[in-house]
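The next block holds one structure in the form of structure tokens; read it before the comments.
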Amino acid sequence: MTIFNEDRLEDVATYANPTAYPTGIDYVLVNGRLVIDQGHHTGAKPGNVLRGAGYGAQIAGERSE
């Protein structure tokens, strides 16, 4: 669940700082655990990566070693 303020929502990432968190996202909960609290990451990583059917598929023209 993501709780955000639409009026303050802005992507502030740049080429120099591509991992900057956007402003306006106040809270994020994953699996019932608070991950973003008042715009700051809590260090919690309760989720799992979901990979689709194409994960690991070879791209046309690419060689596997």
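Identifiers in this document derive from the order of the structure tokens: chains are assigned A, B, ..., residues are numbered from 1 separately in each chain, and ligands are numbered from 1 in order of occurrence.
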
* Asked: DSSP says strand (DSSP E or B) for which residues of chain A? Put them as a ChimeraX atom specification?
  -> /A:2-4,10,23,25-30,33-37,40-41

* **Contacts of segment 44-61 of chain A within 9 Å, only C-alpha atoms, excl. fewer than 6 positions in-chain, as a ChimeraX atom specification** => /A:30-36

For the residues selected in the previous step, produce a file with N, CA and C atoms as a CSV table (one decimal), in the first residue's frame.
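Result saved to part-v2.csv:
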chain,number,residue,atom,x,y,z
A,30,VAL,N,4.6,-2.9,2.9
A,30,VAL,CA,4.7,-4.2,2.1
A,30,VAL,C,4.5,-5.3,3.1
A,31,ASN,N,3.6,-6.2,2.8
A,31,ASN,CA,3.3,-7.4,3.6
A,31,ASN,C,3.1,-6.9,5.1
A,32,GLY,N,2.4,-5.8,5.2
A,32,GLY,CA,2.0,-5.3,6.5
A,32,GLY,C,3.1,-4.6,7.3
A,33,ARG,N,4.3,-4.5,6.7
A,33,ARG,CA,5.4,-3.8,7.4
A,33,ARG,C,5.7,-2.5,6.7
A,34,LEU,N,6.0,-1.5,7.6
A,34,LEU,CA,6.3,-0.1,7.1
A,34,LEU,C,7.7,-0.1,6.5
A,35,VAL,N,7.8,0.3,5.2
A,35,VAL,CA,9.0,0.3,4.5
A,35,VAL,C,9.5,1.8,4.3
A,36,ILE,N,8.5,2.7,3.9
A,36,ILE,CA,8.8,4.1,3.8
A,36,ILE,C,7.9,4.8,4.9

* One decimal, Å: what's the distance from atom CA of Gly43 of chain A over to atom CA of Asn5 of chain A, could you say? =>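 Taking atom CA of Gly43 of chain A and atom CA of Asn5 of chain A, their separation equals 22.0 Å.
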
* So which residues touch segment 20-27 of chain A within 6 Å, counting only C-alpha atoms, skipping near sequence neighbours fewer than 5 positions away, as a ChimeraX atom specification? -> /A:2-5,8-13,36-39
